[in-house]
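Structure below is work_16.cif: mmCIF, N, CA and C atoms.
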```
data_structure
loop_
_atom_site.label_atom_id
_atom_site.label_comp_id
_atom_site.auth_asym_id
_atom_site.auth_seq_id
_atom_site.Cartn_x
_atom_site.Cartn_y
_atom_site.Cartn_z
N GLN A 1463 -193.15 10.90 -10.88
CA GLN A 1463 -192.22 10.19 -11.75
C GLN A 1463 -192.85 10.04 -13.14
N VAL A 1464 -192.06 10.32 -14.17
CA VAL A 1464 -192.56 10.24 -15.53
C VAL A 1464 -192.59 8.79 -15.98
N GLN A 1465 -193.71 8.40 -16.58
CA GLN A 1465 -193.81 7.07 -17.17
C GLN A 1465 -194.31 7.22 -18.60
N LEU A 1466 -193.73 6.42 -19.49
CA LEU A 1466 -194.11 6.45 -20.90
C LEU A 1466 -194.65 5.08 -21.28
N LEU A 1467 -195.81 5.07 -21.91
CA LEU A 1467 -196.45 3.81 -22.27
C LEU A 1467 -196.68 3.78 -23.76
N GLU A 1468 -196.01 2.83 -24.44
CA GLU A 1468 -196.12 2.72 -25.89
C GLU A 1468 -197.16 1.67 -26.28
N SER A 1469 -197.66 1.81 -27.49
CA SER A 1469 -198.53 0.80 -28.08
C SER A 1469 -198.44 0.93 -29.59
N GLY A 1470 -198.89 -0.13 -30.29
CA GLY A 1470 -199.01 -0.05 -31.74
C GLY A 1470 -198.00 -0.82 -32.54
N GLY A 1471 -197.05 -1.47 -31.89
CA GLY A 1471 -196.10 -2.26 -32.65
C GLY A 1471 -196.75 -3.51 -33.22
N GLY A 1472 -195.99 -4.26 -34.00
CA GLY A 1472 -196.52 -5.48 -34.57
C GLY A 1472 -195.70 -5.94 -35.76
N SER A 1473 -196.28 -6.84 -36.52
CA SER A 1473 -195.61 -7.40 -37.69
C SER A 1473 -196.34 -6.97 -38.95
N VAL A 1474 -195.57 -6.65 -39.98
CA VAL A 1474 -196.14 -6.18 -41.24
C VAL A 1474 -195.21 -6.58 -42.37
N GLN A 1475 -195.74 -6.68 -43.55
CA GLN A 1475 -194.90 -6.96 -44.71
C GLN A 1475 -194.27 -5.67 -45.22
N ALA A 1476 -193.18 -5.83 -45.92
CA ALA A 1476 -192.49 -4.68 -46.50
C ALA A 1476 -193.46 -3.87 -47.36
N GLY A 1477 -193.37 -2.56 -47.21
CA GLY A 1477 -194.28 -1.66 -47.91
C GLY A 1477 -195.51 -1.29 -47.11
N GLY A 1478 -195.72 -1.98 -46.00
CA GLY A 1478 -196.88 -1.72 -45.16
C GLY A 1478 -196.67 -0.56 -44.21
N SER A 1479 -197.67 -0.36 -43.35
CA SER A 1479 -197.66 0.77 -42.42
C SER A 1479 -198.01 0.31 -41.02
N LEU A 1480 -197.49 1.05 -40.05
CA LEU A 1480 -197.85 0.88 -38.64
C LEU A 1480 -197.87 2.25 -38.00
N ARG A 1481 -198.64 2.36 -36.93
CA ARG A 1481 -198.68 3.61 -36.18
C ARG A 1481 -198.42 3.30 -34.71
N LEU A 1482 -197.42 3.97 -34.17
CA LEU A 1482 -197.08 3.82 -32.76
C LEU A 1482 -197.64 5.00 -31.98
N SER A 1483 -198.01 4.72 -30.73
CA SER A 1483 -198.48 5.78 -29.83
C SER A 1483 -197.73 5.68 -28.52
N CYS A 1484 -197.58 6.81 -27.89
CA CYS A 1484 -196.92 6.85 -26.58
C CYS A 1484 -197.56 7.94 -25.74
N THR A 1485 -198.04 7.55 -24.58
CA THR A 1485 -198.65 8.51 -23.66
C THR A 1485 -197.81 8.63 -22.42
N ALA A 1486 -197.55 9.87 -22.02
CA ALA A 1486 -196.74 10.15 -20.85
C ALA A 1486 -197.62 10.49 -19.66
N SER A 1487 -197.29 9.93 -18.52
CA SER A 1487 -197.94 10.31 -17.27
C SER A 1487 -196.90 10.93 -16.36
N GLY A 1488 -197.32 11.86 -15.53
CA GLY A 1488 -196.38 12.54 -14.66
C GLY A 1488 -195.45 13.47 -15.42
N TYR A 1489 -195.90 13.94 -16.57
CA TYR A 1489 -195.04 14.74 -17.45
C TYR A 1489 -195.85 15.90 -17.99
N THR A 1490 -195.27 17.07 -17.98
CA THR A 1490 -195.97 18.26 -18.46
C THR A 1490 -195.35 18.73 -19.75
N SER A 1491 -196.17 18.83 -20.78
CA SER A 1491 -195.69 19.27 -22.09
C SER A 1491 -195.58 20.79 -22.12
N THR A 1492 -194.46 21.29 -21.62
CA THR A 1492 -194.25 22.74 -21.61
C THR A 1492 -192.80 23.05 -21.98
N GLY A 1493 -192.54 24.32 -22.17
CA GLY A 1493 -191.16 24.76 -22.32
C GLY A 1493 -190.45 24.22 -23.54
N ASN A 1494 -191.21 23.94 -24.61
CA ASN A 1494 -190.60 23.44 -25.84
C ASN A 1494 -189.84 22.14 -25.64
N ASN A 1495 -190.24 21.35 -24.66
CA ASN A 1495 -189.52 20.08 -24.47
C ASN A 1495 -189.90 19.09 -25.56
N TYR A 1496 -188.99 18.17 -25.81
CA TYR A 1496 -189.14 17.20 -26.88
C TYR A 1496 -189.60 15.85 -26.36
N MET A 1497 -190.39 15.20 -27.16
CA MET A 1497 -190.67 13.77 -27.02
C MET A 1497 -190.40 13.14 -28.38
N GLY A 1498 -190.19 11.84 -28.38
CA GLY A 1498 -189.92 11.23 -29.67
C GLY A 1498 -189.71 9.75 -29.59
N TRP A 1499 -189.05 9.24 -30.62
CA TRP A 1499 -188.87 7.80 -30.79
C TRP A 1499 -187.42 7.46 -31.14
N PHE A 1500 -186.96 6.39 -30.52
CA PHE A 1500 -185.67 5.80 -30.83
C PHE A 1500 -185.93 4.34 -31.17
N ARG A 1501 -184.92 3.69 -31.72
CA ARG A 1501 -185.03 2.26 -31.98
C ARG A 1501 -183.68 1.60 -31.74
N GLN A 1502 -183.75 0.30 -31.46
CA GLN A 1502 -182.53 -0.41 -31.11
C GLN A 1502 -182.72 -1.90 -31.31
N VAL A 1503 -181.69 -2.53 -31.87
CA VAL A 1503 -181.62 -3.99 -31.87
C VAL A 1503 -180.54 -4.38 -30.88
N PRO A 1504 -180.63 -5.56 -30.29
CA PRO A 1504 -179.62 -5.98 -29.32
C PRO A 1504 -178.22 -5.92 -29.90
N GLY A 1505 -177.31 -5.38 -29.14
CA GLY A 1505 -175.93 -5.30 -29.56
C GLY A 1505 -175.57 -4.06 -30.36
N LYS A 1506 -176.58 -3.24 -30.66
CA LYS A 1506 -176.33 -2.02 -31.41
C LYS A 1506 -176.70 -0.80 -30.57
N GLU A 1507 -176.14 0.33 -30.99
CA GLU A 1507 -176.44 1.59 -30.32
C GLU A 1507 -177.89 2.00 -30.57
N ARG A 1508 -178.51 2.59 -29.57
CA ARG A 1508 -179.86 3.11 -29.74
C ARG A 1508 -179.81 4.27 -30.74
N GLU A 1509 -180.74 4.26 -31.69
CA GLU A 1509 -180.72 5.21 -32.80
C GLU A 1509 -181.94 6.13 -32.75
N GLY A 1510 -181.72 7.42 -32.90
CA GLY A 1510 -182.83 8.36 -32.94
C GLY A 1510 -183.62 8.19 -34.22
N VAL A 1511 -184.93 8.21 -34.11
CA VAL A 1511 -185.82 8.07 -35.26
C VAL A 1511 -186.49 9.40 -35.59
N ALA A 1512 -187.19 9.96 -34.61
CA ALA A 1512 -187.90 11.22 -34.83
C ALA A 1512 -188.20 11.86 -33.49
N ILE A 1513 -188.12 13.18 -33.43
CA ILE A 1513 -188.46 13.92 -32.23
C ILE A 1513 -189.27 15.15 -32.60
N MET A 1514 -190.03 15.62 -31.61
CA MET A 1514 -190.88 16.77 -31.86
C MET A 1514 -191.05 17.54 -30.56
N ASN A 1515 -190.98 18.88 -30.62
CA ASN A 1515 -191.18 19.64 -29.39
C ASN A 1515 -192.61 20.18 -29.33
N THR A 1516 -192.91 20.86 -28.25
CA THR A 1516 -194.27 21.33 -28.04
C THR A 1516 -194.70 22.39 -29.05
N SER A 1517 -193.73 23.02 -29.70
CA SER A 1517 -194.05 24.04 -30.69
C SER A 1517 -194.17 23.49 -32.10
N GLY A 1518 -193.95 22.19 -32.23
CA GLY A 1518 -194.10 21.57 -33.54
C GLY A 1518 -192.83 21.41 -34.35
N VAL A 1519 -191.69 21.73 -33.75
CA VAL A 1519 -190.42 21.54 -34.46
C VAL A 1519 -190.10 20.05 -34.48
N VAL A 1520 -189.78 19.54 -35.64
CA VAL A 1520 -189.53 18.10 -35.78
C VAL A 1520 -188.15 17.87 -36.38
N ASN A 1521 -187.58 16.73 -36.03
CA ASN A 1521 -186.33 16.28 -36.63
C ASN A 1521 -186.42 14.77 -36.83
N TYR A 1522 -185.85 14.31 -37.93
CA TYR A 1522 -185.88 12.89 -38.27
C TYR A 1522 -184.47 12.36 -38.50
N GLY A 1523 -184.32 11.07 -38.26
CA GLY A 1523 -183.10 10.40 -38.66
C GLY A 1523 -183.14 10.19 -40.17
N ASP A 1524 -181.96 10.18 -40.78
CA ASP A 1524 -181.90 10.06 -42.25
C ASP A 1524 -182.59 8.81 -42.79
N PRO A 1525 -182.47 7.65 -42.12
CA PRO A 1525 -183.06 6.43 -42.70
C PRO A 1525 -184.59 6.47 -42.83
N VAL A 1526 -185.26 7.38 -42.10
CA VAL A 1526 -186.72 7.36 -42.09
C VAL A 1526 -187.35 8.58 -42.74
N LYS A 1527 -186.52 9.53 -43.14
CA LYS A 1527 -187.07 10.75 -43.75
C LYS A 1527 -187.91 10.42 -44.98
N GLY A 1528 -189.07 11.06 -45.05
CA GLY A 1528 -189.96 10.84 -46.18
C GLY A 1528 -190.87 9.64 -46.02
N ARG A 1529 -190.63 8.80 -45.01
CA ARG A 1529 -191.46 7.61 -44.80
C ARG A 1529 -192.20 7.66 -43.46
N PHE A 1530 -191.56 8.21 -42.44
CA PHE A 1530 -192.15 8.27 -41.10
C PHE A 1530 -192.58 9.70 -40.81
N THR A 1531 -193.66 9.82 -40.03
CA THR A 1531 -194.16 11.13 -39.63
C THR A 1531 -194.47 11.11 -38.14
N ILE A 1532 -193.88 12.05 -37.42
CA ILE A 1532 -194.15 12.17 -35.99
C ILE A 1532 -195.18 13.27 -35.77
N SER A 1533 -196.06 13.05 -34.81
CA SER A 1533 -197.03 14.07 -34.43
C SER A 1533 -197.23 14.01 -32.92
N ARG A 1534 -197.88 15.03 -32.40
CA ARG A 1534 -197.95 15.14 -30.95
C ARG A 1534 -199.23 15.85 -30.55
N ASP A 1535 -199.84 15.35 -29.49
CA ASP A 1535 -201.01 15.99 -28.89
C ASP A 1535 -200.58 16.45 -27.50
N ASN A 1536 -200.26 17.72 -27.37
CA ASN A 1536 -199.73 18.22 -26.10
C ASN A 1536 -200.76 18.11 -24.97
N ALA A 1537 -202.02 18.31 -25.30
CA ALA A 1537 -203.05 18.25 -24.26
C ALA A 1537 -203.16 16.86 -23.66
N ARG A 1538 -202.88 15.85 -24.47
CA ARG A 1538 -202.94 14.46 -24.00
C ARG A 1538 -201.58 13.88 -23.67
N ASN A 1539 -200.53 14.70 -23.75
CA ASN A 1539 -199.16 14.21 -23.50
C ASN A 1539 -198.88 12.94 -24.30
N THR A 1540 -199.29 12.95 -25.55
CA THR A 1540 -199.15 11.78 -26.40
C THR A 1540 -198.40 12.13 -27.67
N VAL A 1541 -197.51 11.23 -28.06
CA VAL A 1541 -196.77 11.39 -29.30
C VAL A 1541 -197.02 10.16 -30.16
N TYR A 1542 -197.09 10.38 -31.46
CA TYR A 1542 -197.38 9.32 -32.41
C TYR A 1542 -196.26 9.20 -33.43
N LEU A 1543 -196.13 8.02 -34.00
CA LEU A 1543 -195.19 7.81 -35.10
C LEU A 1543 -195.91 7.01 -36.17
N GLN A 1544 -196.22 7.67 -37.28
CA GLN A 1544 -196.81 7.00 -38.42
C GLN A 1544 -195.69 6.51 -39.31
N MET A 1545 -195.63 5.19 -39.51
CA MET A 1545 -194.55 4.60 -40.28
C MET A 1545 -195.12 4.00 -41.56
N ASN A 1546 -194.73 4.57 -42.68
CA ASN A 1546 -195.19 4.10 -43.98
C ASN A 1546 -194.02 3.53 -44.78
N SER A 1547 -194.34 2.79 -45.83
CA SER A 1547 -193.31 2.21 -46.71
C SER A 1547 -192.24 1.50 -45.89
N LEU A 1548 -192.69 0.68 -44.96
CA LEU A 1548 -191.76 0.00 -44.07
C LEU A 1548 -190.87 -0.97 -44.82
N LYS A 1549 -189.64 -1.06 -44.34
CA LYS A 1549 -188.62 -1.93 -44.93
C LYS A 1549 -188.17 -2.94 -43.89
N PRO A 1550 -187.63 -4.08 -44.33
CA PRO A 1550 -187.12 -5.06 -43.36
C PRO A 1550 -186.08 -4.45 -42.41
N GLU A 1551 -185.31 -3.51 -42.89
CA GLU A 1551 -184.29 -2.89 -42.01
C GLU A 1551 -184.88 -1.98 -40.96
N ASP A 1552 -186.19 -1.74 -41.01
CA ASP A 1552 -186.86 -0.99 -39.94
C ASP A 1552 -187.21 -1.89 -38.76
N THR A 1553 -186.97 -3.18 -38.89
CA THR A 1553 -187.25 -4.12 -37.80
C THR A 1553 -186.38 -3.78 -36.60
N ASP A 1554 -187.02 -3.49 -35.48
CA ASP A 1554 -186.31 -3.03 -34.29
C ASP A 1554 -187.29 -3.00 -33.12
N MET A 1555 -186.75 -2.82 -31.94
CA MET A 1555 -187.56 -2.43 -30.79
C MET A 1555 -187.61 -0.91 -30.79
N TYR A 1556 -188.81 -0.36 -30.75
CA TYR A 1556 -188.98 1.08 -30.78
C TYR A 1556 -189.32 1.58 -29.38
N TYR A 1557 -188.60 2.64 -28.98
CA TYR A 1557 -188.75 3.19 -27.64
C TYR A 1557 -189.23 4.63 -27.71
N CYS A 1558 -190.24 4.91 -26.94
CA CYS A 1558 -190.67 6.29 -26.74
C CYS A 1558 -189.70 6.96 -25.78
N ALA A 1559 -189.43 8.24 -26.01
CA ALA A 1559 -188.45 8.95 -25.19
C ALA A 1559 -188.93 10.34 -24.85
N ALA A 1560 -188.57 10.80 -23.68
CA ALA A 1560 -188.84 12.17 -23.27
C ALA A 1560 -187.53 12.86 -22.95
N GLU A 1561 -187.46 14.12 -23.29
CA GLU A 1561 -186.23 14.88 -23.08
C GLU A 1561 -185.91 15.03 -21.61
N ASN A 1562 -184.64 14.91 -21.30
CA ASN A 1562 -184.14 15.12 -19.95
C ASN A 1562 -182.74 15.72 -20.08
N SER A 1563 -182.65 17.03 -19.96
CA SER A 1563 -181.38 17.72 -20.18
C SER A 1563 -180.33 17.35 -19.15
N TYR A 1564 -180.75 16.78 -18.02
CA TYR A 1564 -179.82 16.47 -16.94
C TYR A 1564 -179.41 15.01 -16.92
N CYS A 1565 -179.80 14.26 -17.92
CA CYS A 1565 -179.47 12.84 -17.89
C CYS A 1565 -177.99 12.64 -18.21
N SER A 1566 -177.46 11.53 -17.77
CA SER A 1566 -176.07 11.18 -18.03
C SER A 1566 -175.94 9.67 -17.96
N GLY A 1567 -174.84 9.18 -18.45
CA GLY A 1567 -174.59 7.75 -18.37
C GLY A 1567 -175.19 6.98 -19.53
N GLY A 1568 -175.20 5.68 -19.38
CA GLY A 1568 -175.58 4.79 -20.46
C GLY A 1568 -177.03 4.85 -20.86
N ASN A 1569 -177.87 5.43 -20.02
CA ASN A 1569 -179.29 5.50 -20.33
C ASN A 1569 -179.67 6.82 -20.99
N CYS A 1570 -178.70 7.61 -21.32
CA CYS A 1570 -178.92 8.94 -21.88
C CYS A 1570 -178.41 8.95 -23.32
N TYR A 1571 -179.28 9.38 -24.23
CA TYR A 1571 -178.91 9.41 -25.63
C TYR A 1571 -179.17 10.80 -26.20
N ARG A 1572 -178.30 11.21 -27.10
CA ARG A 1572 -178.37 12.54 -27.72
C ARG A 1572 -178.83 12.41 -29.16
N PHE A 1573 -179.77 13.27 -29.53
CA PHE A 1573 -180.27 13.25 -30.90
C PHE A 1573 -180.62 14.66 -31.28
N TRP A 1574 -180.04 15.14 -32.39
CA TRP A 1574 -180.26 16.50 -32.83
C TRP A 1574 -180.01 17.51 -31.70
N GLY A 1575 -178.98 17.25 -30.90
CA GLY A 1575 -178.57 18.20 -29.89
C GLY A 1575 -179.39 18.17 -28.61
N ARG A 1576 -180.35 17.28 -28.52
CA ARG A 1576 -181.20 17.16 -27.33
C ARG A 1576 -180.86 15.85 -26.61
N TYR A 1577 -181.06 15.85 -25.30
CA TYR A 1577 -180.73 14.67 -24.50
C TYR A 1577 -182.00 14.00 -24.00
N PHE A 1578 -182.03 12.68 -24.16
CA PHE A 1578 -183.21 11.92 -23.79
C PHE A 1578 -182.81 10.87 -22.76
N GLY A 1579 -183.51 10.88 -21.64
CA GLY A 1579 -183.15 9.95 -20.57
C GLY A 1579 -184.35 9.30 -19.91
N VAL A 1580 -185.53 9.54 -20.44
CA VAL A 1580 -186.75 8.90 -19.93
C VAL A 1580 -187.29 8.01 -21.03
N TRP A 1581 -187.55 6.75 -20.69
CA TRP A 1581 -187.85 5.76 -21.72
C TRP A 1581 -189.09 4.95 -21.40
N GLY A 1582 -189.80 4.56 -22.46
CA GLY A 1582 -190.85 3.58 -22.31
C GLY A 1582 -190.26 2.18 -22.32
N GLN A 1583 -191.13 1.19 -22.22
CA GLN A 1583 -190.66 -0.19 -22.15
C GLN A 1583 -190.32 -0.76 -23.52
N GLY A 1584 -190.73 -0.09 -24.57
CA GLY A 1584 -190.43 -0.53 -25.92
C GLY A 1584 -191.56 -1.31 -26.54
N THR A 1585 -191.68 -1.21 -27.87
CA THR A 1585 -192.66 -1.98 -28.61
C THR A 1585 -191.98 -2.51 -29.87
N GLN A 1586 -192.17 -3.78 -30.15
CA GLN A 1586 -191.47 -4.43 -31.26
C GLN A 1586 -192.15 -4.16 -32.59
N VAL A 1587 -191.34 -3.82 -33.57
CA VAL A 1587 -191.81 -3.67 -34.95
C VAL A 1587 -191.01 -4.66 -35.80
N THR A 1588 -191.72 -5.51 -36.52
CA THR A 1588 -191.08 -6.50 -37.37
C THR A 1588 -191.62 -6.37 -38.79
N VAL A 1589 -190.71 -6.20 -39.74
CA VAL A 1589 -191.09 -6.03 -41.14
C VAL A 1589 -190.50 -7.19 -41.93
N SER A 1590 -191.33 -7.95 -42.56
CA SER A 1590 -190.88 -9.11 -43.33
C SER A 1590 -190.82 -8.76 -44.82
N SER A 1591 -189.90 -9.41 -45.50
CA SER A 1591 -189.71 -9.13 -46.93
C SER A 1591 -190.62 -9.98 -47.78
#
```
What is this file in structure tokens?
Amino acid sequence: QVQLLESGGGSVQAGGSLRLSCTASGYTSTGNNYMGWFRQVPGKEREGVAIMNTSGVVNYGDPVKGRFTISRDNARNTVYLQMNSLKPEDTDMYYCAAENSYCSGGNCYRFWGRYFGVWGQGTQVTVSS
């Protein structure tokens, strides 16, 4: 069973930086599969932030382009999210995600044409003005 464990959230002032990490267990980084990050506040739809496949192809959500950078260590099954120039509107629970083409239902989210259905427990990011 795949498990995703995030770390690195916290509180920062606007303009600051944070780096999130997520390590997958029971998961093999092969076949150009994607891992990445989503974010969500209660009552809102989960939003794609950034994803990256094993070949290095990346996609970002418009709100974070130019500020966030995703990277991945396939040998360690770990994905990172470097968040710079943070804004108060970046305050959210951030979730690590792994691609699952067969997912369906409310726990499955689509981003840049890929389906994600495996989730970490989430890590809170709070940006104060």
(request) Would you mind listing what lies within 6.5 Å of region 1500-1502 of chain A as a VMD selection string, with all atoms listed in the file counted and same-chain residues fewer than 3 positions away left out? (result) chain A and resid 1506 to 1512 1554 to 1559
(request) List the neighbours of region 1532-1549 of chain A out to 8 Å using all atoms listed in the file; skip same-chain residues closer than 2 positions along the sequence, and give me the result as a count of residues only. (result) 39
(request) Apply the PyMOL selection byres ((chain A and resi 1577) around 7) to the structure shown and report the selected residues as a ChimeraX atom specification. (result) /A:1560-1565,1570-1576,1578-1580
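The space separating atom C of Ser1473 (chain A) from atom N of Val1587 (chain A) comes to 8.0 Å.
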(request) If you run DSSP over the backbone, which residues in region 1467-1579 of chain A end up strand (DSSP E or B)? Put them as a VMD selection string. (result) chain A and resid 1467 to 1469 1472 to 1475 1480 to 1487 1496 to 1502 1509 to 1515 1520 to 1522 1530 to 1535 1540 to 1545 1554 to 1561 1571 to 1573 1576 to 1579
(request) Take CA of Thr1531 (chain A) and CA of Gly1470 (chain A) and report the distance between them in Å, one decimal. (result) 14.5 Å
(request) Report the distance between CA of Thr1585 (chain A) and atom C of Leu1467 (chain A) in Å, rounded to one decimal place. (result) 8.5 Å
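The residues of region 1475-1566 of chain A that DSSP classifies as helix (DSSP H, G or I), using the backbone of this structure, are Asp1524, Pro1525, Val1526, Asn1536, Ala1537, Arg1538, Pro1550, Glu1551 and Asp1552 of chain A.
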To box region 1567-1580 of chain A, take all atoms listed in the file, fit an axis-aligned box, add 6 Å on each side, and give centre and edge lengths in Å to one decimal, as AutoDock Vina command-line options.
```
--center_x -180.9 --center_y 11.5 --center_z -25.6 --size_x 24.7 --size_y 25.4 --size_z 26.5
```
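With only N, CA and C atoms as the atoms that count, the residue of A:Ser1469, A:Asn1495, A:Asn1569, A:Ser1517 with the shortest distance to Trp1581 (chain A) is A:Asn1569.
When the PyMOL selection byres (((chain A and resi 1463 and name CA) around 7) and name CA) is evaluated on the file shown here, the picked residues come out as Val1464, Gln1465 and Gly1488 of chain A.
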